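S.K.: Here it is, the structure in full.
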Amino acid sequence: MYEAATCGCIVIFKKTSQISTSPDARYPASANYASWRGHQPFRNRSSRIVYPSVAIKTGQEMTQSTVVISLDLELCWGSFDLSFDDDLLKMGRWTHDVGTPNLLNHLTRNGISASWAVVGAMMRPSLPDLSGLPEVSYPHFSKPWFSYVPQEGHELTHPEWFGASLVEMIRSAEPQQEIGFHSFSHVPFGRLGMTRERAVAEYRYCARIAQELGIPTTCFVFPRNLVAYLADLRDAGFTCFRDVDKLPVRFASNKLTSVGMVLADFAGLSPRMIEPSLKEGIVSIPGSLLIRCAAGWRKYIPDSSRLRRLRKGLERVRRSGGVFHVWFHPENLYAEWPRLENVVARFLEELGVLVRNGDLRCLTLGQLASEFRSQLAAKQGCNLSPAYTEAGLADFVT
């Protein structure tokens, strides 16, 4: 069941008896991600569709535990605006040559599917025509956005920036992995200096690359989790996005909240389970737990504490249901390697055992969003997303 609630990767659900427990019944086209495209809203009889400003949730508690993992694959695109040096380039090359193949191997060896949110510009062997991208200027980075990117470079000469072969490797993996987008050029959407025109252009460039590669515009992950311009994301054809994390503790001050999260990592606190909702016509899937890198002060977080939090999340979702959404960057495995890779490998091994034993299931963001929309449609007694008229009256058309 779904209800309206006021608003704001591994994911886990529980299912009730109202939902078929047959995997084929739940995901009749699970091998074809293109079939998971979200339902497009219809116009109602009286006026244009106006999406509600509240999050639409199901009132039906899931009874089958589920895990979802989302991965932000960036190479050098993820942080060149914060610090650009030789170590960044080395990290990008290592992620291309070692980190991503290793991580994919851990996933497939344990029978786990994940959602790979890839920066669109690195999906191609070289840069496309950039004339359609309005320039941005941020207080922390006033240079042209592509200043450091080799304009005539390609994957063979600059694997730290381009990874078309990585995308193909991920696409051909078994079990099937989901490929989504982490914007086109990793511009921070929610920062001063960003414009709606650039956001729309980023979405269009992603959609164009998706068409070129034959992949669906299903899931989107905002750079640095700075969520903005959702209506334009929906209009570009995307069906779900990763929302900001549901934290075990949150204070009025962002600085205090950050300190609280650091302490939670050191103490190994249990992460929160999440549930998807509908925001502005697109499925929102918050995060539960970020696996932080081991660089800087983060290297002092004990590996045992990192693994303890992951295990607590698995136990909580297995026991109580809900959605456990774990996420991190393949680039995070670089610092202090192989420390973090060992933690992730152990976690995936234990997750794989739980999945094979039937204690929980592992879905991609797209699968979770598709299931959520199907349940919402069933609750409403139709096959449409909720449509709100300008008068504020819900009017569902069959």
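We name chains A, B, ... following the order of the structure tokens; residues begin at 1 in each chain, and ligands are numbered from 1 as shown.
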For Leu127 (chain A), list every protein, DNA or RNA residue within 8 Å, evaluated using only C-alpha atoms, and leave out those in the same chain fewer than 4 positions away; present the list as a PyMOL selection string.

M.R.: chain A and resi 121-122+151-154

S.K.: Let me see the file: selected residues, N, CA and C atoms, as a PDB file, in the first residue's frame.

M.R.:
ATOM      1  N   ALA A 121      30.715  11.259 -19.686  1.00  0.00           N
ATOM      2  CA  ALA A 121      31.823  11.619 -20.569  1.00  0.00           C
ATOM      3  C   ALA A 121      32.876  10.518 -20.650  1.00  0.00           C
ATOM      4  N   MET A 122      33.005   9.690 -19.597  1.00  0.00           N
ATOM      5  CA  MET A 122      34.008   8.627 -19.614  1.00  0.00           C
ATOM      6  C   MET A 122      33.484   7.347 -20.257  1.00  0.00           C
ATOM      7  N   GLN A 151      41.479  17.402 -24.447  1.00  0.00           N
ATOM      8  CA  GLN A 151      40.435  17.571 -25.454  1.00  0.00           C
ATOM      9  C   GLN A 151      40.563  16.586 -26.611  1.00  0.00           C
ATOM     10  N   GLU A 152      41.780  16.230 -26.969  1.00  0.00           N
ATOM     11  CA  GLU A 152      42.006  15.286 -28.069  1.00  0.00           C
ATOM     12  C   GLU A 152      42.392  13.912 -27.544  1.00  0.00           C
ATOM     13  N   GLY A 153      42.233  13.698 -26.251  1.00  0.00           N
ATOM     14  CA  GLY A 153      42.627  12.424 -25.665  1.00  0.00           C
ATOM     15  C   GLY A 153      41.611  11.332 -25.932  1.00  0.00           C
ATOM     16  N   HIS A 154      42.037  10.098 -25.688  1.00  0.00           N
ATOM     17  CA  HIS A 154      41.142   8.954 -25.817  1.00  0.00           C
ATOM     18  C   HIS A 154      41.589   7.897 -24.815  1.00  0.00           C
TER      19      HIS A 154
END

S.K.: Contacts of region 241-247 of chain A at 7 Å or less, counting only C-alpha atoms, minus same-chain residues fewer than 3 places along, as a PyMOL selection string?

M.R.: chain A and resi 219-221+225+227+250+272+274+283-288

S.K.: Using DSSP on the backbone coordinates, identify all residues within region 341-372 of chain A classified as helix (DSSP H, G or I); present the result as a list in words.

M.R.: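 After running DSSP on the backbone, region 341-372 of chain A has helix (DSSP H, G or I) at Glu341, Asn342, Val343, Val344, Ala345, Arg346, Phe347, Leu348, Glu349, Glu350, Leu351, Gly352, Val353, Leu354, Val355, Arg356, Leu365, Gly366, Gln367, Leu368, Ala369, Ser370, Glu371 and Phe372 of chain A.
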
S.K.: Give me a file of those residues, with N, CA and C atoms, as a compact mmCIF listing (two decimals), in the first residue's frame.

M.R.:
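Saved the output as again00.txt:
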# COMPACT_ATOMS: atom_id res chain seq x y z
N GLU A 341 39.47 -2.84 -0.25
CA GLU A 341 39.03 -3.93 -1.12
C GLU A 341 38.79 -5.20 -0.30
N ASN A 342 39.64 -5.45 0.69
CA ASN A 342 39.46 -6.63 1.53
C ASN A 342 38.15 -6.55 2.32
N VAL A 343 37.81 -5.35 2.82
CA VAL A 343 36.55 -5.17 3.55
C VAL A 343 35.37 -5.42 2.62
N VAL A 344 35.42 -4.82 1.44
CA VAL A 344 34.32 -4.98 0.47
C VAL A 344 34.20 -6.44 0.03
N ALA A 345 35.34 -7.10 -0.21
CA ALA A 345 35.32 -8.49 -0.65
C ALA A 345 34.66 -9.37 0.41
N ARG A 346 35.00 -9.15 1.68
CA ARG A 346 34.40 -9.96 2.75
C ARG A 346 32.89 -9.70 2.85
N PHE A 347 32.52 -8.44 2.73
CA PHE A 347 31.10 -8.08 2.78
C PHE A 347 30.33 -8.76 1.65
N LEU A 348 30.87 -8.72 0.44
CA LEU A 348 30.18 -9.32 -0.70
C LEU A 348 30.10 -10.84 -0.57
N GLU A 349 31.12 -11.45 0.01
CA GLU A 349 31.07 -12.89 0.25
C GLU A 349 29.93 -13.24 1.20
N GLU A 350 29.80 -12.49 2.29
CA GLU A 350 28.75 -12.76 3.25
C GLU A 350 27.36 -12.45 2.67
N LEU A 351 27.28 -11.39 1.86
CA LEU A 351 26.03 -11.07 1.19
C LEU A 351 25.65 -12.18 0.22
N GLY A 352 26.62 -12.68 -0.54
CA GLY A 352 26.34 -13.73 -1.49
C GLY A 352 25.79 -14.99 -0.82
N VAL A 353 26.33 -15.34 0.35
CA VAL A 353 25.83 -16.50 1.09
C VAL A 353 24.37 -16.29 1.50
N LEU A 354 24.06 -15.09 2.00
CA LEU A 354 22.69 -14.79 2.42
C LEU A 354 21.72 -14.85 1.25
N VAL A 355 22.16 -14.37 0.09
CA VAL A 355 21.29 -14.41 -1.09
C VAL A 355 21.07 -15.85 -1.54
N ARG A 356 22.13 -16.63 -1.58
CA ARG A 356 22.00 -18.03 -2.02
C ARG A 356 21.15 -18.86 -1.06
N LEU A 365 19.07 -0.59 -8.52
CA LEU A 365 18.20 0.58 -8.35
C LEU A 365 17.02 0.53 -9.31
N GLY A 366 17.30 0.15 -10.56
CA GLY A 366 16.24 0.09 -11.55
C GLY A 366 15.19 -0.95 -11.22
N GLN A 367 15.63 -2.12 -10.75
CA GLN A 367 14.68 -3.16 -10.37
C GLN A 367 13.82 -2.70 -9.20
N LEU A 368 14.45 -2.09 -8.23
CA LEU A 368 13.71 -1.61 -7.06
C LEU A 368 12.69 -0.55 -7.46
N ALA A 369 13.09 0.38 -8.33
CA ALA A 369 12.18 1.44 -8.77
C ALA A 369 11.01 0.85 -9.56
N SER A 370 11.29 -0.14 -10.42
CA SER A 370 10.24 -0.76 -11.20
C SER A 370 9.24 -1.47 -10.30
N GLU A 371 9.75 -2.18 -9.31
CA GLU A 371 8.86 -2.86 -8.38
C GLU A 371 8.01 -1.87 -7.60
N PHE A 372 8.63 -0.79 -7.16
CA PHE A 372 7.91 0.24 -6.41
C PHE A 372 6.76 0.81 -7.24

S.K.: Near Phe162 (chain A), within 10 Å and counting only C-alpha atoms, which residues show up once chain neighbours fewer than 4 positions away are dropped, as a list of chain:residue names?

M.R.: A:Glu74, A:Leu75, A:Cys76, A:Trp77, A:Gly92, A:Arg93, A:His96, A:Val119, A:Gly120, A:Ala121, A:Met122, A:Met123, A:Arg124, A:Pro125, A:Ser126, A:Leu127, A:Val149, A:Gly153, A:His154, A:Glu155, A:Leu156, A:Thr157, A:His158, A:Leu166

S.K.: Only N, CA and C atoms, please: the residues just picked out, written as a PDB file, in the first residue's frame.

M.R.:
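Dumped to selection.pdb:
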ATOM      1  N   GLU A  74      33.924   7.172 -11.537  1.00  0.00           N
ATOM      2  CA  GLU A  74      34.251   8.537 -11.947  1.00  0.00           C
ATOM      3  C   GLU A  74      35.615   8.684 -12.618  1.00  0.00           C
ATOM      4  N   LEU A  75      36.583   7.812 -12.292  1.00  0.00           N
ATOM      5  CA  LEU A  75      37.982   8.022 -12.665  1.00  0.00           C
ATOM      6  C   LEU A  75      38.432   9.393 -12.147  1.00  0.00           C
ATOM      7  N   CYS A  76      39.012  10.246 -13.019  1.00  0.00           N
ATOM      8  CA  CYS A  76      39.482  11.561 -12.550  1.00  0.00           C
ATOM      9  C   CYS A  76      38.383  12.618 -12.522  1.00  0.00           C
ATOM     10  N   TRP A  77      37.213  12.292 -13.103  1.00  0.00           N
ATOM     11  CA  TRP A  77      36.148  13.280 -13.184  1.00  0.00           C
ATOM     12  C   TRP A  77      35.596  13.652 -11.809  1.00  0.00           C
ATOM     13  N   GLY A  92      43.178   7.615 -10.992  1.00  0.00           N
ATOM     14  CA  GLY A  92      42.298   7.368 -12.124  1.00  0.00           C
ATOM     15  C   GLY A  92      42.761   6.193 -12.962  1.00  0.00           C
ATOM     16  N   ARG A  93      44.077   6.127 -13.218  1.00  0.00           N
ATOM     17  CA  ARG A  93      44.602   5.013 -14.015  1.00  0.00           C
ATOM     18  C   ARG A  93      44.459   3.692 -13.263  1.00  0.00           C
ATOM     19  N   HIS A  96      40.947   2.471 -13.438  1.00  0.00           N
ATOM     20  CA  HIS A  96      40.667   1.943 -14.766  1.00  0.00           C
ATOM     21  C   HIS A  96      41.262   0.548 -14.943  1.00  0.00           C
ATOM     22  N   VAL A 119      30.065   8.298 -14.934  1.00  0.00           N
ATOM     23  CA  VAL A 119      30.119   9.631 -15.540  1.00  0.00           C
ATOM     24  C   VAL A 119      30.002   9.471 -17.058  1.00  0.00           C
ATOM     25  N   GLY A 120      29.034  10.163 -17.653  1.00  0.00           N
ATOM     26  CA  GLY A 120      28.741   9.970 -19.066  1.00  0.00           C
ATOM     27  C   GLY A 120      29.924  10.228 -19.982  1.00  0.00           C
ATOM     28  N   ALA A 121      30.715  11.259 -19.686  1.00  0.00           N
ATOM     29  CA  ALA A 121      31.823  11.619 -20.569  1.00  0.00           C
ATOM     30  C   ALA A 121      32.876  10.518 -20.650  1.00  0.00           C
ATOM     31  N   MET A 122      33.005   9.690 -19.597  1.00  0.00           N
ATOM     32  CA  MET A 122      34.008   8.627 -19.614  1.00  0.00           C
ATOM     33  C   MET A 122      33.484   7.347 -20.257  1.00  0.00           C
ATOM     34  N   MET A 123      32.185   7.322 -20.590  1.00  0.00           N
ATOM     35  CA  MET A 123      31.616   6.145 -21.247  1.00  0.00           C
ATOM     36  C   MET A 123      32.059   6.027 -22.693  1.00  0.00           C
ATOM     37  N   ARG A 124      32.514   7.128 -23.267  1.00  0.00           N
ATOM     38  CA  ARG A 124      32.930   7.132 -24.665  1.00  0.00           C
ATOM     39  C   ARG A 124      34.455   7.015 -24.731  1.00  0.00           C
ATOM     40  N   PRO A 125      35.002   6.586 -25.866  1.00  0.00           N
ATOM     41  CA  PRO A 125      36.460   6.511 -25.988  1.00  0.00           C
ATOM     42  C   PRO A 125      37.129   7.879 -26.046  1.00  0.00           C
ATOM     43  N   SER A 126      36.336   8.929 -26.329  1.00  0.00           N
ATOM     44  CA  SER A 126      36.861  10.296 -26.361  1.00  0.00           C
ATOM     45  C   SER A 126      35.699  11.257 -26.154  1.00  0.00           C
ATOM     46  N   LEU A 127      36.015  12.539 -26.009  1.00  0.00           N
ATOM     47  CA  LEU A 127      34.980  13.533 -25.767  1.00  0.00           C
ATOM     48  C   LEU A 127      34.114  13.768 -27.011  1.00  0.00           C
ATOM     49  N   VAL A 149      40.792  18.416 -18.787  1.00  0.00           N
ATOM     50  CA  VAL A 149      40.479  17.221 -19.570  1.00  0.00           C
ATOM     51  C   VAL A 149      41.185  17.299 -20.920  1.00  0.00           C
ATOM     52  N   GLY A 153      42.233  13.698 -26.251  1.00  0.00           N
ATOM     53  CA  GLY A 153      42.627  12.424 -25.665  1.00  0.00           C
ATOM     54  C   GLY A 153      41.611  11.332 -25.932  1.00  0.00           C
ATOM     55  N   HIS A 154      42.037  10.098 -25.688  1.00  0.00           N
ATOM     56  CA  HIS A 154      41.142   8.954 -25.817  1.00  0.00           C
ATOM     57  C   HIS A 154      41.589   7.897 -24.815  1.00  0.00           C
ATOM     58  N   GLU A 155      40.873   6.786 -24.754  1.00  0.00           N
ATOM     59  CA  GLU A 155      41.107   5.815 -23.691  1.00  0.00           C
ATOM     60  C   GLU A 155      42.504   5.202 -23.737  1.00  0.00           C
ATOM     61  N   LEU A 156      43.058   4.998 -24.914  1.00  0.00           N
ATOM     62  CA  LEU A 156      44.379   4.387 -25.009  1.00  0.00           C
ATOM     63  C   LEU A 156      45.463   5.285 -24.446  1.00  0.00           C
ATOM     64  N   THR A 157      45.318   6.593 -24.632  1.00  0.00           N
ATOM     65  CA  THR A 157      46.345   7.528 -24.160  1.00  0.00           C
ATOM     66  C   THR A 157      46.026   8.106 -22.784  1.00  0.00           C
ATOM     67  N   HIS A 158      44.759   8.162 -22.424  1.00  0.00           N
ATOM     68  CA  HIS A 158      44.348   8.767 -21.160  1.00  0.00           C
ATOM     69  C   HIS A 158      43.265   7.919 -20.482  1.00  0.00           C
ATOM     70  N   LEU A 166      35.615  -0.220 -20.017  1.00  0.00           N
ATOM     71  CA  LEU A 166      35.080  -0.603 -18.711  1.00  0.00           C
ATOM     72  C   LEU A 166      33.567  -0.784 -18.785  1.00  0.00           C
TER      73      LEU A 166
END

S.K.: How many Å lie between CA of His329 (chain A) and CA of Asp72 (chain A), rounded to one decimal?

M.R.: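 Computed distance, CA of His329 (chain A) to CA of Asp72 (chain A), equals 4.7 Å.
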
S.K.: Can you measure CA of Met91 (chain A) to CA of Thr108 (chain A) for me? One decimal in Å is fine.

M.R.: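 Pair CA of Met91 (chain A) / CA of Thr108 (chain A) returns 23.4 Å.
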
S.K.: Kindly indicate which residue among A:Phe141, A:Tyr203, A:Trp337, A:Phe324 lies nearest to Phe238 (chain A), using only C-alpha atoms for the distances.

M.R.: A:Tyr203

S.K.: Pick out the closest residue to Asp87 (chain A) from this set: A:Val259, A:Ala295, A:Ala377, A:Leu269. Count only C-alpha atoms.

M.R.: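 The answer is A:Ala295, which sits nearest to Asp87 (chain A).
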
S.K.: Find, counting only C-alpha atoms, the residue in A:Thr100, A:Gln211, A:Thr257, A:Thr218 that gets nearest to Met169 (chain A).

M.R.: A:Thr100

S.K.: For the atom pair CA of Ser131 (chain A) and CA of Ala201 (chain A), what is the interatomic distance in Å to one decimal place?

M.R.: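 Going from CA of Ser131 (chain A) over to CA of Ala201 (chain A) covers 10.4 Å.
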
S.K.: List the neighbours of Arg319 (chain A) out to 10 Å using only C-alpha atoms; skip same-chain residues closer than 3 positions along the sequence, and give me the result as a PyMOL selection string.

M.R.: chain A and resi 14+63-65+313-316+322+359-360

S.K.: At a cut-off of 8 Å, using only C-alpha atoms, what residues contact region 171-180 of chain A? Leave out same-chain residues fewer than 3 positions from it and give the result as a VMD selection string.

M.R.: chain A and resid 31 33 104 108 111 to 118 167 to 168 215 to 221 364 366

S.K.: Write the selection just made, keeping C-alpha atoms, as a PDB file, in the first residue's frame?

M.R.:
ATOM      1  CA  ALA A  31      17.584 -10.085 -18.035  1.00  0.00           C
ATOM      2  CA  TYR A  33      17.142  -3.762 -18.235  1.00  0.00           C
ATOM      3  CA  LEU A 104      33.502  -6.422 -10.778  1.00  0.00           C
ATOM      4  CA  THR A 108      30.251 -11.660 -10.170  1.00  0.00           C
ATOM      5  CA  GLY A 111      26.501 -13.700  -7.799  1.00  0.00           C
ATOM      6  CA  ILE A 112      25.741 -10.055  -6.950  1.00  0.00           C
ATOM      7  CA  SER A 113      24.272  -7.427  -9.300  1.00  0.00           C
ATOM      8  CA  ALA A 114      25.008  -3.758  -8.629  1.00  0.00           C
ATOM      9  CA  SER A 115      24.054  -0.397 -10.132  1.00  0.00           C
ATOM     10  CA  TRP A 116      27.081   1.287 -11.691  1.00  0.00           C
ATOM     11  CA  ALA A 117      26.506   5.045 -11.961  1.00  0.00           C
ATOM     12  CA  VAL A 118      29.090   6.099 -14.544  1.00  0.00           C
ATOM     13  CA  VAL A 167      31.459   0.030 -19.633  1.00  0.00           C
ATOM     14  CA  GLU A 168      31.557  -2.850 -22.110  1.00  0.00           C
ATOM     15  CA  ILE A 215      21.262   1.295 -22.536  1.00  0.00           C
ATOM     16  CA  PRO A 216      18.138   2.582 -20.752  1.00  0.00           C
ATOM     17  CA  THR A 217      17.947   5.941 -18.987  1.00  0.00           C
ATOM     18  CA  THR A 218      16.902   4.312 -15.740  1.00  0.00           C
ATOM     19  CA  CYS A 219      18.955   5.409 -12.728  1.00  0.00           C
ATOM     20  CA  PHE A 220      20.821   8.633 -12.027  1.00  0.00           C
ATOM     21  CA  VAL A 221      23.218   9.485  -9.200  1.00  0.00           C
ATOM     22  CA  THR A 364      19.545  -2.956  -8.648  1.00  0.00           C
ATOM     23  CA  GLY A 366      16.240   0.089 -11.552  1.00  0.00           C
TER      24      GLY A 366
END

S.K.: Find, counting only C-alpha atoms, the residue in A:Arg298, A:Lys57, A:Arg234, A:Arg309 that gets nearest to Ile282 (chain A).

M.R.: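 Result for the nearest residue to Ile282 (chain A): A:Arg234.
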